[in-house]
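*Asks:* File follows, upload_3.txt with compact mmCIF, C-alpha atoms and all ligand atoms:
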# COMPACT_ATOMS: atom_id res chain seq x y z
CA MET A 15 96.36 195.34 4.52
CA ARG A 16 95.54 199.06 4.78
CA ALA A 17 98.47 201.45 4.89
CA ILE A 18 99.25 205.16 4.47
CA CYS A 19 101.87 205.40 1.73
CA ILE A 20 103.93 208.17 0.16
CA ASP A 21 103.70 208.63 -3.64
CA GLU A 22 106.25 210.05 -6.14
CA SER A 23 105.03 213.62 -5.47
CA ARG A 24 105.56 213.06 -1.72
CA ASN A 25 101.82 213.09 -1.03
CA LEU A 26 100.13 210.54 1.22
CA GLN A 27 97.53 208.01 0.06
CA LEU A 28 95.56 205.27 1.75
CA LYS A 29 96.40 202.05 -0.10
CA ASP A 30 96.00 198.30 0.05
CA VAL A 31 99.48 196.78 0.22
CA ALA A 32 100.74 193.24 0.68
CA SER A 33 101.00 192.14 4.30
CA PRO A 34 104.57 191.22 5.22
CA SER A 35 105.64 187.60 4.86
CA ALA A 36 107.76 185.81 7.50
CA PRO A 37 110.31 188.19 9.05
CA PRO A 38 113.91 187.92 7.84
CA GLN A 39 116.85 187.44 10.21
CA GLY A 40 116.91 190.08 12.95
CA TYR A 41 113.41 191.36 12.08
CA VAL A 42 110.05 191.20 13.83
CA THR A 43 106.50 191.52 12.55
CA VAL A 44 104.33 193.77 14.71
CA ARG A 45 100.54 194.10 14.75
CA ILE A 46 100.20 197.85 15.20
CA SER A 47 97.83 199.06 17.93
CA ALA A 48 98.43 202.79 17.51
CA ALA A 49 100.82 205.02 15.59
CA ALA A 50 101.42 208.69 16.35
CA ILE A 51 102.03 211.60 14.02
CA ASN A 52 105.20 213.26 15.28
CA HIS A 53 106.90 216.41 13.98
CA GLY A 54 109.43 214.38 12.00
CA ASP A 55 106.67 212.55 10.08
CA LYS A 56 105.51 215.91 8.73
CA THR A 57 108.94 217.51 8.31
CA PHE A 58 110.54 214.62 6.38
CA LEU A 59 107.50 214.28 4.15
CA LYS A 60 108.13 217.72 2.68
CA VAL A 61 111.87 218.16 3.39
CA PRO A 62 113.53 214.73 3.14
CA ASP A 63 116.98 216.23 3.86
CA ALA A 64 115.88 218.09 7.02
CA ALA A 65 118.19 215.97 9.19
CA GLY A 66 120.91 215.29 6.64
CA GLY A 67 119.16 212.85 4.31
CA ALA A 68 116.70 209.99 4.60
CA ARG A 69 118.08 206.47 4.85
CA GLY A 70 116.82 202.90 4.67
CA THR A 71 114.59 201.50 1.94
CA ARG A 72 110.94 202.15 2.68
CA ARG A 73 109.10 199.02 1.52
CA GLU A 74 105.75 199.62 -0.21
CA GLY A 75 106.20 203.35 0.52
CA VAL A 76 104.53 202.93 3.94
CA TRP A 77 105.00 206.14 5.96
CA GLY A 78 105.22 206.70 9.75
CA SER A 79 108.15 206.39 12.17
CA SER A 80 106.52 205.95 15.58
CA GLY A 81 104.05 203.42 16.88
CA ALA A 82 103.32 200.64 19.31
CA GLY A 83 101.86 197.18 19.01
CA THR A 84 102.40 193.49 19.65
CA VAL A 85 105.12 191.30 18.15
CA THR A 86 103.44 188.45 16.25
CA GLN A 87 106.45 186.84 14.55
CA VAL A 88 110.22 186.90 15.08
CA GLY A 89 112.98 186.15 12.58
CA ASP A 90 116.17 184.18 13.22
CA ASP A 91 118.53 185.66 15.82
CA VAL A 92 115.80 187.70 17.52
CA PRO A 93 115.70 186.98 21.27
CA ALA A 94 112.70 184.69 21.91
CA ARG A 95 111.37 186.99 24.65
CA TYR A 96 110.20 189.46 21.98
CA LEU A 97 107.50 187.10 20.68
CA GLY A 98 104.07 188.18 21.94
CA ARG A 99 105.45 191.29 23.67
CA LYS A 100 103.95 194.73 23.56
CA VAL A 101 106.54 197.11 22.09
CA ALA A 102 107.07 200.82 21.48
CA ILE A 103 108.71 201.41 18.08
CA TYR A 104 110.92 204.09 16.57
CA ARG A 105 111.89 202.96 13.11
CA SER A 106 115.00 205.18 12.76
CA LEU A 107 116.91 203.22 15.39
CA GLN A 108 118.22 201.08 12.53
CA PRO A 109 118.29 203.82 9.91
CA ASP A 110 120.09 201.93 7.15
CA CYS A 111 117.93 198.78 7.19
CA PRO A 112 114.96 198.27 4.83
CA PHE A 113 111.68 198.55 6.74
CA LEU A 114 107.93 198.57 6.43
CA GLY A 115 106.70 201.86 7.97
CA LEU A 116 104.32 202.10 10.89
CA TRP A 117 101.15 203.71 9.57
CA CYS A 118 99.69 200.35 8.61
CA GLU A 119 98.07 197.30 10.16
CA THR A 120 101.19 195.10 10.31
CA ALA A 121 104.69 196.57 10.30
CA GLN A 122 107.99 194.75 9.90
CA LEU A 123 111.32 196.10 11.08
CA PRO A 124 114.56 195.21 12.92
CA TYR A 125 113.90 194.08 16.48
CA LEU A 126 116.38 196.67 17.77
CA ALA A 127 113.91 199.40 16.72
CA CYS A 128 111.44 198.01 19.30
CA LEU A 129 111.41 198.57 23.04
CA PRO A 130 109.55 195.87 25.02
CA LEU A 131 106.86 197.44 27.23
CA PRO A 132 105.44 196.10 30.48
CA ASP A 133 102.33 193.96 29.81
CA HIS A 134 100.03 196.14 31.92
CA VAL A 135 100.57 199.43 30.04
CA GLU A 136 98.48 200.56 27.06
CA ALA A 137 100.50 200.41 23.82
CA ARG A 138 98.59 203.54 22.73
CA ASP A 139 100.21 205.56 25.56
CA TYR A 140 103.63 204.87 24.02
CA SER A 141 102.66 205.19 20.35
CA GLY A 142 104.75 208.35 19.89
CA SER A 143 107.19 208.13 22.78
CA LEU A 144 110.29 206.22 21.78
CA VAL A 145 111.67 208.87 19.41
CA ASN A 146 111.65 211.47 22.18
CA VAL A 147 113.10 209.23 24.88
CA VAL A 148 115.87 207.99 22.58
CA THR A 149 116.68 211.54 21.47
CA ALA A 150 117.09 212.66 25.07
CA TYR A 151 119.08 209.59 26.12
CA SER A 152 121.48 209.68 23.17
CA PHE A 153 122.03 213.40 23.66
CA LEU A 154 122.92 212.97 27.33
CA GLU A 155 125.48 210.32 26.36
CA GLN A 156 126.98 212.49 23.63
CA ALA A 157 127.16 215.61 25.80
CA GLU A 158 128.90 213.65 28.55
CA ALA A 159 131.34 212.07 26.07
CA GLU A 160 132.19 215.56 24.77
CA GLY A 161 133.13 216.70 28.27
CA HIS A 162 130.02 218.60 29.34
CA ARG A 163 129.03 218.27 33.00
CA GLY A 164 125.55 219.74 32.71
CA ILE A 165 122.92 220.73 30.17
CA VAL A 166 120.49 223.51 29.33
CA VAL A 167 117.25 222.31 27.70
CA THR A 168 114.93 224.58 25.73
CA ALA A 169 111.31 223.63 24.89
CA GLY A 170 111.20 221.98 28.30
CA GLY A 171 107.43 221.51 27.90
CA SER A 172 107.82 219.44 24.72
CA ALA A 173 107.79 215.64 24.73
CA THR A 174 111.55 215.64 24.08
CA GLY A 175 112.16 218.29 26.75
CA ARG A 176 110.15 216.33 29.32
CA ALA A 177 111.96 213.09 28.45
CA MET A 178 115.25 214.94 28.83
CA ALA A 179 114.27 216.40 32.20
CA ALA A 180 113.27 212.95 33.50
CA LEU A 181 116.37 211.15 32.19
CA ALA A 182 118.77 213.85 33.37
CA ARG A 183 117.22 213.68 36.83
CA ARG A 184 117.70 209.88 36.91
CA ARG A 185 121.33 210.28 35.82
CA GLY A 186 122.00 213.13 38.24
CA THR A 187 123.07 215.43 35.39
CA PRO A 188 122.80 219.13 36.41
CA THR A 189 120.10 220.61 34.18
CA VAL A 190 118.56 224.02 33.55
CA ILE A 191 115.12 223.54 32.01
CA ILE A 192 113.68 226.41 29.99
CA VAL A 193 109.95 226.61 29.32
CA ARG A 194 108.04 229.47 27.76
CA SER A 195 105.44 230.31 30.41
CA ALA A 196 104.88 230.62 34.13
CA ALA A 197 102.24 227.86 33.92
CA SER A 198 104.71 225.35 32.42
CA LYS A 199 107.31 226.39 34.97
CA ALA A 200 104.87 225.80 37.84
CA GLU A 201 104.02 222.34 36.48
CA MET A 202 107.68 221.36 36.23
CA LEU A 203 108.42 222.59 39.74
CA ARG A 204 105.35 220.80 41.11
CA ASN A 205 106.79 217.60 39.65
CA GLY A 206 110.06 218.09 41.46
CA MET A 207 112.19 219.39 38.59
CA PRO A 208 114.81 221.78 39.97
CA HIS A 209 116.20 224.79 38.06
CA VAL A 210 113.28 225.64 35.80
CA LEU A 211 113.23 229.05 34.09
CA ALA A 212 110.40 230.66 32.12
CA SER A 213 111.59 232.56 29.04
CA ASP A 214 108.72 235.06 29.34
CA ASP A 215 109.97 236.14 32.77
CA SER A 216 111.55 239.63 32.78
CA ASP A 217 114.54 238.29 34.74
CA PHE A 218 115.06 235.24 32.48
CA ILE A 219 118.47 236.06 30.98
CA HIS A 220 119.90 237.12 34.32
CA GLU A 221 118.65 233.91 35.97
CA LEU A 222 120.01 231.81 33.12
CA GLU A 223 123.43 233.39 33.44
CA HIS A 224 123.58 232.58 37.15
CA SER A 225 122.10 229.07 37.01
CA ALA A 226 124.21 227.98 34.03
CA ARG A 227 127.39 229.30 35.63
CA ASP A 228 126.68 227.79 39.06
CA LEU A 229 125.69 224.37 37.66
CA GLY A 230 128.33 224.31 34.90
CA THR A 231 125.72 223.57 32.23
CA THR A 232 127.64 224.04 28.99
CA ALA A 233 125.71 221.77 26.58
CA VAL A 234 122.58 223.46 25.24
CA PHE A 235 119.94 221.12 23.81
CA ASP A 236 117.88 223.49 21.71
CA GLY A 237 114.53 222.58 20.20
CA VAL A 238 113.35 226.16 19.62
CA GLY A 239 115.98 228.21 17.72
CA GLY A 240 115.12 231.78 16.60
CA THR A 241 114.94 234.69 19.03
CA LEU A 242 115.20 232.54 22.14
CA ILE A 243 118.61 231.07 21.38
CA SER A 244 119.84 234.45 20.03
CA GLN A 245 119.03 236.00 23.42
CA MET A 246 120.49 233.14 25.42
CA LEU A 247 123.89 233.01 23.74
CA GLY A 248 125.42 235.88 25.73
CA ALA A 249 124.28 234.33 29.04
CA LEU A 250 125.94 230.94 28.51
CA PRO A 251 129.15 229.92 30.27
CA PRO A 252 132.44 229.95 28.32
CA ARG A 253 133.01 226.99 25.95
CA SER A 254 129.32 226.20 25.70
CA SER A 255 128.08 224.13 22.76
CA ILE A 256 124.64 224.67 21.28
CA PHE A 257 123.14 221.53 19.74
CA PHE A 258 120.17 222.35 17.49
CA TYR A 259 117.74 219.46 17.47
CA GLY A 260 114.45 221.14 16.49
CA PHE A 261 112.96 224.42 15.34
CA LEU A 262 109.70 224.97 17.19
CA SER A 263 110.03 228.75 16.65
CA GLY A 264 109.36 228.14 12.94
CA ALA A 265 110.80 230.67 10.50
CA GLU A 266 112.42 232.88 13.15
CA LYS A 267 116.13 233.40 12.50
CA VAL A 268 119.01 233.01 14.94
CA THR A 269 121.05 236.24 15.00
CA PHE A 270 124.19 236.99 16.96
CA HIS A 271 127.31 239.09 16.78
CA SER A 272 130.37 237.01 15.99
CA SER A 273 132.26 238.64 18.90
CA VAL A 274 130.12 236.62 21.34
CA PHE A 275 131.51 233.45 19.78
CA MET A 276 135.05 234.82 19.93
CA MET A 277 134.74 235.77 23.60
CA LYS A 278 133.01 232.62 24.74
CA GLY A 279 134.71 230.03 22.57
CA ALA A 280 131.24 228.71 21.82
CA THR A 281 130.33 226.11 19.20
CA MET A 282 127.12 225.29 17.34
CA LYS A 283 126.15 221.99 15.77
CA ARG A 284 123.13 219.93 14.90
CA PHE A 285 121.93 216.94 16.89
CA SER A 286 120.18 214.07 15.21
CA ASN A 287 119.25 210.99 17.22
CA PHE A 288 119.87 208.55 14.38
CA ASP A 289 123.36 209.93 13.75
CA SER A 290 124.33 209.89 17.44
CA PRO A 291 127.09 207.48 18.55
CA THR A 292 124.58 205.77 20.88
CA VAL A 293 122.24 204.84 18.05
CA ARG A 294 124.93 204.15 15.43
CA ASP A 295 126.92 201.74 17.61
CA GLU A 296 124.93 198.53 18.03
CA LYS A 297 126.44 197.66 21.41
CA ARG A 298 125.52 201.07 22.81
CA LEU A 299 122.07 200.87 21.26
CA VAL A 300 121.47 197.53 22.99
CA ASN A 301 122.64 199.01 26.31
CA MET A 302 120.40 202.05 25.89
CA MET A 303 117.35 199.91 25.13
CA ALA A 304 118.04 197.73 28.19
CA ASP A 305 118.31 200.85 30.34
CA LEU A 306 115.12 202.34 28.89
CA GLU A 307 113.21 199.10 29.33
CA GLY A 308 113.82 199.49 33.06
CA CYS A 309 112.32 202.99 33.26
CA ILE A 310 109.88 203.40 30.33
CA GLU A 311 106.92 203.38 32.74
CA ASP A 312 107.92 206.85 34.00
CA PRO A 313 104.83 209.01 33.32
CA TRP A 314 107.09 211.66 31.77
CA PHE A 315 107.68 209.33 28.80
CA ARG A 316 104.03 208.81 27.89
CA THR A 317 102.64 210.13 24.62
CA HIS A 318 100.21 213.04 25.10
CA VAL A 319 97.32 211.84 22.97
CA GLY A 320 95.15 214.58 21.47
CA GLN A 321 92.75 212.80 19.11
CA ASP A 322 92.27 209.30 17.68
CA PHE A 323 91.91 208.81 13.92
CA ASP A 324 91.26 205.88 11.63
CA LEU A 325 93.79 205.41 8.79
CA SER A 326 91.07 206.55 6.35
CA GLU A 327 91.01 209.94 8.13
CA PHE A 328 94.70 210.63 7.45
CA GLN A 329 94.11 214.02 5.84
CA ALA A 330 92.30 215.33 8.92
CA ALA A 331 94.92 213.70 11.15
CA MET A 332 97.74 215.48 9.31
CA LYS A 333 95.92 218.81 9.78
CA TYR A 334 95.32 218.22 13.49
CA ASP A 335 96.72 221.16 15.48
CA ALA A 336 99.51 219.63 17.57
CA THR A 337 101.02 222.90 18.80
CA SER A 338 99.87 222.09 22.34
CA GLY A 339 102.10 219.00 22.27
CA ARG A 340 99.08 216.67 22.00
CA ARG A 341 99.40 214.19 19.16
CA ALA A 342 97.03 212.88 16.53
CA ILE A 343 97.26 209.10 16.57
CA PHE A 344 96.07 206.39 14.22
CA VAL A 345 94.29 203.73 16.22
CA LEU A 346 94.37 200.34 14.51
CA THR A 347 93.30 197.85 17.17
CA LYS A 348 91.52 198.63 20.42
N1 LIG B 1 116.92 215.97 16.13
C1 LIG B 1 116.26 214.94 16.61
O1 LIG B 1 116.81 213.85 16.74
C2 LIG B 1 114.82 215.13 17.03
C3 LIG B 1 114.12 214.09 17.63
C4 LIG B 1 112.83 214.32 18.10
C5 LIG B 1 112.23 215.56 17.91
N2 LIG B 1 112.95 216.52 17.24
C6 LIG B 1 112.37 217.88 17.07
O2 LIG B 1 112.22 218.40 18.36
C7 LIG B 1 111.20 219.39 18.37
C8 LIG B 1 110.25 219.07 19.52
O3 LIG B 1 109.58 217.87 19.25
P1 LIG B 1 108.59 217.26 20.32
O4 LIG B 1 107.92 216.11 19.69
O5 LIG B 1 109.33 217.06 21.58
O6 LIG B 1 107.58 218.50 20.48
P2 LIG B 1 106.11 218.58 21.15
O7 LIG B 1 105.97 217.58 22.21
O8 LIG B 1 105.08 218.61 20.09
O9 LIG B 1 106.25 220.02 21.79
C9 LIG B 1 105.20 220.91 21.93
C10 LIG B 1 105.45 221.69 23.20
O10 LIG B 1 106.69 222.39 23.07
C11 LIG B 1 106.58 223.65 23.68
N3 LIG B 1 106.81 224.66 22.63
C12 LIG B 1 106.22 224.77 21.44
N4 LIG B 1 106.70 225.84 20.77
C13 LIG B 1 107.59 226.40 21.57
C14 LIG B 1 108.39 227.54 21.46
N5 LIG B 1 108.40 228.32 20.36
N6 LIG B 1 109.19 227.85 22.49
C15 LIG B 1 109.21 227.08 23.59
N7 LIG B 1 108.45 225.98 23.76
C16 LIG B 1 107.65 225.66 22.75
C17 LIG B 1 105.17 223.79 24.22
O11 LIG B 1 105.15 223.45 25.60
P3 LIG B 1 104.40 224.45 26.62
O12 LIG B 1 103.01 224.54 26.12
O13 LIG B 1 104.55 223.77 27.95
O14 LIG B 1 105.12 225.74 26.54
C18 LIG B 1 104.39 222.75 23.42
O15 LIG B 1 103.31 222.22 24.12
C19 LIG B 1 110.56 219.33 16.98
O16 LIG B 1 111.11 220.37 16.21
C20 LIG B 1 110.99 217.98 16.45
O17 LIG B 1 111.05 217.93 15.04
C21 LIG B 1 114.20 216.33 16.83
Can you present the structure in this file as structure tokens?
Ligand SMILES: NC(=O)c1ccc[n+]([C@@H]2O[C@H](COP(=O)([O-])OP(=O)(O)OC[C@H]3O[C@@H](n4cnc5c(N)ncnc54)[C@H](OP(=O)(O)O)[C@@H]3O)[C@@H](O)[C@H]2O)c1

*Replies:*
Amino acid sequence: MRAICIDESRNLQLKDVASPSAPPQGYVTVRISAAAINHGDKTFLKVPDAAGGARGTRREGVWGSSGAGTVTQVGDDVPARYLGRKVAIYRSLQPDCPFLGLWCETAQLPYLACLPLPDHVEARDYSGSLVNVVTAYSFLEQAEAEGHRGIVVTAGGSATGRAMAALARRRGTPTVIIVRSAASKAEMLRNGMPHVLASDDSDFIHELEHSARDLGTTAVFDGVGGTLISQMLGALPPRSSIFFYGFLSGAEKVTFHSSVFMMKGATMKRFSNFDSPTVRDEKRLVNMMADLEGCIEDPWFRTHVGQDFDLSEFQAAMKYDATSGRRAIFVLTK
């Protein structure tokens, strides 16, 4: 079968690799319909340690962590209902297991990395979604377990930010959503999201200080970094924790005076979905997937598709400008 594979120099190549044989215990074989290029696919290609080290043996070197397709075979101990189902896939949900990546015609991976989708949805519309939804869900669980009553979300317009806004609303978690423009703010408000702030507003820091204090939002889920988080630090309530999960501001540095940390008793840490207690503990992972299966149709979880590519066009697909949040996707079966 055709597959995009990584070579020893960490470059991608289109190759012919062996199709998977019958799935082992706990695994499913999936005919891939579409597979998205997400930020992580690019980041980990060049910086394998970007989230603390890659794990799991990548069979045949097949690259790609997100996709969607139809389960064609199930191994022993896989619930029978998976056979023939449309699924959204995020391979890192079982980070230590060997797997066949998703940028290929037929993938094979643990069934717990697959979320069954309703029959009537297009697999393509979920070809990049599960990573973002799982990231948001596992963060909400962790923040709650660490004693936070509410959250502040940066990059509210990103796929992860939107998934977070939708899940927090379902859970009733007080949330301050930060976007970077008046247009994004208007869109969020139109869709019924309360407490949305635009970081380009002259009153932003003042509004953040008031909203965060009034709502008790002490867990900051930060996908931007740089100047934004440096400015925000002084406006956060005492004993806030900043969880860095992404760096959309690129090379910008976070700068702060240590006295702010002393006064506020603030903490900073990284957040990685595959190291979160929800993903690492199989019972919690099963519960999360059951919960998500019940709400995955929410339009806020859909992948924003920018352009379709064939596997043979992988170089153009990797260069596709995804800064608008629209994804390049490999389409394998219509
Ligand atoms: N740690 C983890 O477990 C984990 C998991 C998933 C993703 N991530 C990381 O999370 C980040 C976001 O990923 P994603 O897939 O959700 O992103 P995405 O959907 O591609 O986000 C793009 C959108 O984010 C907003 N944005 C872009 N740059 C921004 C900036 N400098 N400041 C504020 N908003 C900005 C823009 O929305 P508007 O146009 O509306 O402003 C843009 O359309 C990436 O760094 C990714 O690597 C981490």

*Asks:* List as a ChimeraX atom specification the protein and nucleic acid residues lying within 7 Å of ligand LIG 1 (chain B), with all atoms listed in the file counted.

*Replies:* /A:52-54,145-146,149,168-175,193-195,198,237-238,259-263,285-288,336-340

*Asks:* For Gln329 (chain A), work out the shell of residues within 12 Å, counting all atoms listed in the file and skipping chain neighbours fewer than 5 positions away, then give it as a PyMOL selection string.

*Replies:* chain A and resi 18+25-28+51+56+323-324+334+342+344

*Asks:* Please produce an output containing C-alpha atoms for each residue in the selection, written as an mmCIF file, in the frame of the given file.

*Replies:*
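result-v6.cif was written with the following content:
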data_model
loop_
_atom_site.group_PDB
_atom_site.id
_atom_site.type_symbol
_atom_site.label_atom_id
_atom_site.label_comp_id
_atom_site.auth_asym_id
_atom_site.auth_seq_id
_atom_site.Cartn_x
_atom_site.Cartn_y
_atom_site.Cartn_z
ATOM 1 C CA ILE A 18 99.250 205.160 4.470
ATOM 2 C CA ASN A 25 101.820 213.090 -1.030
ATOM 3 C CA LEU A 26 100.130 210.540 1.220
ATOM 4 C CA GLN A 27 97.530 208.010 0.060
ATOM 5 C CA LEU A 28 95.560 205.270 1.750
ATOM 6 C CA ILE A 51 102.030 211.600 14.020
ATOM 7 C CA LYS A 56 105.510 215.910 8.730
ATOM 8 C CA PHE A 323 91.910 208.810 13.920
ATOM 9 C CA ASP A 324 91.260 205.880 11.630
ATOM 10 C CA TYR A 334 95.320 218.220 13.490
ATOM 11 C CA ALA A 342 97.030 212.880 16.530
ATOM 12 C CA PHE A 344 96.070 206.390 14.220
#

*Asks:* I'd like to know which of A:Leu131, A:Val268, A:Ala32, A:Leu211 is closest to Arg95 (chain A), using only C-alpha atoms.

*Replies:*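 Checking each of A:Leu131, A:Val268, A:Ala32, A:Leu211 against Arg95 (chain A), counting only C-alpha atoms, the winner is A:Leu131.
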
*Asks:* Which residue is closest to Phe58 (chain A)? Choose from A:Ile20, A:Ala137, A:Ala180, A:Val31 and count all atoms listed in the file.

*Replies:*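 The closest residue to Phe58 (chain A) is A:Ile20.
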
*Asks:* Could you check the closest approach to Ala177 (chain A) for each of A:Val293, A:Val85, A:Ala249, A:Leu306 and tell me which residue wins, using all atoms listed in the file?

*Replies:*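 For Ala177 (chain A), the nearest of the given residues is A:Leu306.
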
*Asks:* Since the input lacks atoms, please generate N, CA and C atoms for region 37-65 of chain A and provide them as a PDB file, in the coordinates of the input.

*Replies:*
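part.pdb was written with the following content:
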ATOM      1  N   PRO A  37     109.237 187.206   8.880  1.00  0.00           N
ATOM      2  CA  PRO A  37     110.310 188.190   9.050  1.00  0.00           C
ATOM      3  C   PRO A  37     111.693 187.611   8.748  1.00  0.00           C
ATOM      4  N   PRO A  38     112.551 188.392   8.069  1.00  0.00           N
ATOM      5  CA  PRO A  38     113.910 187.920   7.840  1.00  0.00           C
ATOM      6  C   PRO A  38     114.729 187.940   9.136  1.00  0.00           C
ATOM      7  N   GLN A  39     115.959 187.490   9.043  1.00  0.00           N
ATOM      8  CA  GLN A  39     116.850 187.440  10.210  1.00  0.00           C
ATOM      9  C   GLN A  39     116.944 188.819  10.887  1.00  0.00           C
ATOM     10  N   GLY A  40     116.763 188.835  12.191  1.00  0.00           N
ATOM     11  CA  GLY A  40     116.910 190.080  12.950  1.00  0.00           C
ATOM     12  C   GLY A  40     115.667 190.972  12.932  1.00  0.00           C
ATOM     13  N   TYR A  41     114.618 190.544  12.212  1.00  0.00           N
ATOM     14  CA  TYR A  41     113.410 191.360  12.080  1.00  0.00           C
ATOM     15  C   TYR A  41     112.250 190.768  12.883  1.00  0.00           C
ATOM     16  N   VAL A  42     111.298 191.651  13.211  1.00  0.00           N
ATOM     17  CA  VAL A  42     110.050 191.200  13.830  1.00  0.00           C
ATOM     18  C   VAL A  42     108.872 191.744  13.023  1.00  0.00           C
ATOM     19  N   THR A  43     107.761 191.030  13.116  1.00  0.00           N
ATOM     20  CA  THR A  43     106.500 191.520  12.550  1.00  0.00           C
ATOM     21  C   THR A  43     105.668 191.999  13.734  1.00  0.00           C
ATOM     22  N   VAL A  44     105.076 193.175  13.591  1.00  0.00           N
ATOM     23  CA  VAL A  44     104.330 193.770  14.710  1.00  0.00           C
ATOM     24  C   VAL A  44     102.921 194.144  14.262  1.00  0.00           C
ATOM     25  N   ARG A  45     101.917 193.641  14.994  1.00  0.00           N
ATOM     26  CA  ARG A  45     100.540 194.100  14.750  1.00  0.00           C
ATOM     27  C   ARG A  45     100.410 195.454  15.438  1.00  0.00           C
ATOM     28  N   ILE A  46     100.190 196.486  14.652  1.00  0.00           N
ATOM     29  CA  ILE A  46     100.200 197.850  15.200  1.00  0.00           C
ATOM     30  C   ILE A  46      98.890 198.142  15.933  1.00  0.00           C
ATOM     31  N   SER A  47      99.019 198.641  17.166  1.00  0.00           N
ATOM     32  CA  SER A  47      97.830 199.060  17.930  1.00  0.00           C
ATOM     33  C   SER A  47      97.540 200.536  17.674  1.00  0.00           C
ATOM     34  N   ALA A  48      98.585 201.350  17.715  1.00  0.00           N
ATOM     35  CA  ALA A  48      98.430 202.790  17.510  1.00  0.00           C
ATOM     36  C   ALA A  48      99.735 203.357  16.976  1.00  0.00           C
ATOM     37  N   ALA A  49      99.616 204.396  16.161  1.00  0.00           N
ATOM     38  CA  ALA A  49     100.820 205.020  15.590  1.00  0.00           C
ATOM     39  C   ALA A  49     100.624 206.532  15.602  1.00  0.00           C
ATOM     40  N   ALA A  50     101.571 207.231  16.194  1.00  0.00           N
ATOM     41  CA  ALA A  50     101.420 208.690  16.350  1.00  0.00           C
ATOM     42  C   ALA A  50     101.933 209.440  15.130  1.00  0.00           C
ATOM     43  N   ILE A  51     101.447 210.667  14.992  1.00  0.00           N
ATOM     44  CA  ILE A  51     102.030 211.600  14.020  1.00  0.00           C
ATOM     45  C   ILE A  51     102.941 212.531  14.801  1.00  0.00           C
ATOM     46  N   ASN A  52     104.239 212.386  14.608  1.00  0.00           N
ATOM     47  CA  ASN A  52     105.200 213.260  15.280  1.00  0.00           C
ATOM     48  C   ASN A  52     105.688 214.329  14.298  1.00  0.00           C
ATOM     49  N   HIS A  53     106.413 215.328  14.843  1.00  0.00           N
ATOM     50  CA  HIS A  53     106.900 216.410  13.980  1.00  0.00           C
ATOM     51  C   HIS A  53     107.687 215.882  12.790  1.00  0.00           C
ATOM     52  N   GLY A  54     108.564 214.910  13.054  1.00  0.00           N
ATOM     53  CA  GLY A  54     109.430 214.380  12.000  1.00  0.00           C
ATOM     54  C   GLY A  54     108.635 213.783  10.848  1.00  0.00           C
ATOM     55  N   ASP A  55     107.487 213.163  11.142  1.00  0.00           N
ATOM     56  CA  ASP A  55     106.670 212.550  10.080  1.00  0.00           C
ATOM     57  C   ASP A  55     106.206 213.618   9.092  1.00  0.00           C
ATOM     58  N   LYS A  56     105.949 214.828   9.616  1.00  0.00           N
ATOM     59  CA  LYS A  56     105.510 215.910   8.730  1.00  0.00           C
ATOM     60  C   LYS A  56     106.718 216.572   8.055  1.00  0.00           C
ATOM     61  N   THR A  57     107.768 216.812   8.852  1.00  0.00           N
ATOM     62  CA  THR A  57     108.940 217.510   8.310  1.00  0.00           C
ATOM     63  C   THR A  57     109.572 216.719   7.166  1.00  0.00           C
ATOM     64  N   PHE A  58     109.824 215.410   7.396  1.00  0.00           N
ATOM     65  CA  PHE A  58     110.540 214.620   6.380  1.00  0.00           C
ATOM     66  C   PHE A  58     109.689 214.328   5.154  1.00  0.00           C
ATOM     67  N   LEU A  59     108.375 214.470   5.314  1.00  0.00           N
ATOM     68  CA  LEU A  59     107.500 214.280   4.150  1.00  0.00           C
ATOM     69  C   LEU A  59     107.791 215.368   3.117  1.00  0.00           C
ATOM     70  N   LYS A  60     107.941 216.600   3.607  1.00  0.00           N
ATOM     71  CA  LYS A  60     108.130 217.720   2.680  1.00  0.00           C
ATOM     72  C   LYS A  60     109.613 218.053   2.470  1.00  0.00           C
ATOM     73  N   VAL A  61     110.433 217.825   3.499  1.00  0.00           N
ATOM     74  CA  VAL A  61     111.870 218.160   3.390  1.00  0.00           C
ATOM     75  C   VAL A  61     112.675 216.911   3.761  1.00  0.00           C
ATOM     76  N   PRO A  62     112.876 216.007   2.797  1.00  0.00           N
ATOM     77  CA  PRO A  62     113.530 214.730   3.140  1.00  0.00           C
ATOM     78  C   PRO A  62     114.934 214.909   3.708  1.00  0.00           C
ATOM     79  N   ASP A  63     115.598 216.026   3.377  1.00  0.00           N
ATOM     80  CA  ASP A  63     116.980 216.230   3.860  1.00  0.00           C
ATOM     81  C   ASP A  63     117.042 217.010   5.171  1.00  0.00           C
ATOM     82  N   ALA A  64     115.906 217.212   5.842  1.00  0.00           N
ATOM     83  CA  ALA A  64     115.880 218.090   7.020  1.00  0.00           C
ATOM     84  C   ALA A  64     116.877 217.682   8.096  1.00  0.00           C
ATOM     85  N   ALA A  65     117.196 216.399   8.184  1.00  0.00           N
ATOM     86  CA  ALA A  65     118.190 215.970   9.190  1.00  0.00           C
ATOM     87  C   ALA A  65     119.354 215.279   8.494  1.00  0.00           C
TER      88      ALA A  65
END
